[in-house]
$ cat model14.cif   # mmCIF, C-alpha atoms
data_coords
loop_
_atom_site.group_PDB
_atom_site.id
_atom_site.type_symbol
_atom_site.label_atom_id
_atom_site.label_comp_id
_atom_site.auth_asym_id
_atom_site.auth_seq_id
_atom_site.Cartn_x
_atom_site.Cartn_y
_atom_site.Cartn_z
ATOM 1 C CA MET W 138 -7.707 7.665 -1.506
ATOM 2 C CA ALA W 139 -4.584 8.924 -3.290
ATOM 3 C CA ILE W 140 -3.872 12.612 -3.658
ATOM 4 C CA VAL W 141 -3.272 13.479 -7.300
ATOM 5 C CA MET W 142 -1.151 16.508 -8.111
ATOM 6 C CA ALA W 143 -1.859 17.729 -11.627
ATOM 7 C CA THR W 144 0.661 19.452 -13.827
ATOM 8 C CA THR W 145 0.390 21.128 -17.186
ATOM 9 C CA ILE W 146 2.516 20.181 -20.160
ATOM 10 C CA GLN W 147 2.715 22.082 -23.407
ATOM 11 C CA VAL W 148 2.180 20.155 -26.638
ATOM 12 C CA SER W 149 1.505 21.252 -30.172
ATOM 13 C CA ASN W 150 -2.010 21.180 -31.558
ATOM 14 C CA THR W 151 -1.008 18.273 -33.805
ATOM 15 C CA THR W 152 0.214 16.264 -30.808
ATOM 16 C CA ARG W 153 -2.991 17.015 -28.903
ATOM 17 C CA GLN W 154 -5.045 15.806 -31.877
ATOM 18 C CA LEU W 155 -2.980 12.621 -32.099
ATOM 19 C CA LEU W 156 -3.442 12.022 -28.375
ATOM 20 C CA GLU W 157 -7.193 12.535 -28.736
ATOM 21 C CA LEU W 158 -7.324 10.094 -31.667
ATOM 22 C CA TYR W 159 -5.346 7.464 -29.743
ATOM 23 C CA LYS W 160 -7.525 8.064 -26.668
ATOM 24 C CA LYS W 161 -10.687 7.345 -28.663
ATOM 25 C CA GLN W 162 -9.242 4.306 -30.453
ATOM 26 C CA SER W 163 -7.878 2.771 -27.258
ATOM 27 C CA LYS W 164 -11.017 3.718 -25.284
ATOM 28 C CA GLU W 165 -8.896 5.299 -22.567
ATOM 29 C CA THR W 166 -10.524 7.834 -20.269
ATOM 30 C CA SER W 167 -7.733 10.389 -19.930
ATOM 31 C CA TYR W 168 -4.614 11.727 -21.600
ATOM 32 C CA ASP W 169 -2.671 10.581 -18.539
ATOM 33 C CA LYS W 170 -3.695 6.972 -19.179
ATOM 34 C CA VAL W 171 -2.906 7.351 -22.890
ATOM 35 C CA LEU W 172 0.581 8.694 -22.195
ATOM 36 C CA ASN W 173 1.266 6.028 -19.560
ATOM 37 C CA LYS W 174 0.180 3.292 -21.970
ATOM 38 C CA ILE W 175 2.299 4.612 -24.850
ATOM 39 C CA ILE W 176 5.392 5.164 -22.698
ATOM 40 C CA SER W 177 5.094 1.801 -20.924
ATOM 41 C CA GLU W 178 4.767 -0.004 -24.252
ATOM 42 C CA LYS W 179 7.673 1.919 -25.795
ATOM 43 C CA LEU W 180 9.960 1.232 -22.822
ATOM 44 C CA ASN W 181 8.744 -2.379 -22.464
ATOM 45 C CA ILE W 182 7.949 -1.850 -18.793
ATOM 46 C CA PRO W 183 6.113 -4.846 -17.337
ATOM 47 C CA LYS W 184 2.998 -4.035 -15.296
ATOM 48 C CA SER W 185 4.499 -6.020 -12.432
ATOM 49 C CA MET W 186 7.070 -3.246 -11.900
ATOM 50 C CA PHE W 187 4.429 -0.727 -10.857
ATOM 51 C CA GLY W 188 4.434 -0.490 -7.110
ATOM 52 C CA ALA W 189 7.751 -2.354 -6.920
ATOM 53 C CA ALA W 190 9.215 0.362 -4.686
ATOM 54 C CA LYS W 191 6.242 0.351 -2.306
ATOM 55 C CA GLY W 192 7.430 0.268 1.264
ATOM 56 C CA MET W 193 11.032 1.156 0.433
ATOM 57 C CA LYS W 194 12.717 3.669 2.698
ATOM 58 C CA TRP W 195 14.480 6.566 0.980
ATOM 59 C CA THR W 196 17.339 8.627 2.363
ATOM 60 C CA LYS W 197 18.440 12.189 1.583
ATOM 61 C CA ALA W 198 21.204 10.716 -0.605
ATOM 62 C CA ASP W 199 18.543 9.079 -2.814
ATOM 63 C CA ARG W 200 16.919 12.411 -3.598
ATOM 64 C CA GLY W 201 17.990 14.434 -6.598
ATOM 65 C CA ASP W 202 19.180 18.044 -6.375
ATOM 66 C CA ASP W 203 16.588 19.210 -8.906
ATOM 67 C CA ARG W 204 13.740 19.460 -6.395
ATOM 68 C CA GLU W 205 11.943 22.765 -6.084
ATOM 69 C CA LEU W 206 12.149 24.493 -2.738
#
$ encode --input "model14.cif" --output "structure tokens"
Amino acid sequence: MAIVMATTIQVSNTTRQLLELYKKQSKETSYDKVLNKIISEKLNIPKSMFGAAKGMKWTKADRGDDREL
């Protein structure tokens, strides 16, 4: 079971309504799935790329400096 960390993003009421409309039309179950679908389609990301980094080992040099402490 994966641990899911939720975050809150601020959007305008119009954007929320558009997301809700798209969610209903696409029969998605969450805004997260809607946003992932839209972004993946816009960026032309193939589904095969998801999980591509699984098992990779990261070093301190790979981490960005923008992490919260």
$ residues_around --input "model14.cif" --residues "stretch 150-157 of chain W" --least-positions-apart "4" --cutoff "8 Å" --atoms "only C-alpha atoms" --output "mmCIF file with C-alpha atoms, in the frame of the given file"
data_model
loop_
_atom_site.group_PDB
_atom_site.id
_atom_site.type_symbol
_atom_site.label_atom_id
_atom_site.label_comp_id
_atom_site.auth_asym_id
_atom_site.auth_seq_id
_atom_site.Cartn_x
_atom_site.Cartn_y
_atom_site.Cartn_z
ATOM 1 C CA LYS W 161 -10.687 7.345 -28.663
ATOM 2 C CA TYR W 168 -4.614 11.727 -21.600
ATOM 3 C CA VAL W 171 -2.906 7.351 -22.890
#
$ closest_residue --input "model14.cif" --among "W:Lys197, W:Ser149, W:Tyr159, W:Met142" --to "W:Leu172" --atoms "all atoms listed in the file"
W:Tyr159
$ atom_distance --input "model14.cif" --atom1 "atom CA of W:Ser163" --atom2 "atom CA of W:Ile175"
10.6 Å
$ atom_distance --input "model14.cif" --atom1 "atom CA of W:Ala143" --atom2 "atom CA of W:Lys160"
18.8 Å
$ atom_distance --input "model14.cif" --atom1 "atom CA of W:Glu178" --atom2 "atom CA of W:Val141"
23.1 Å
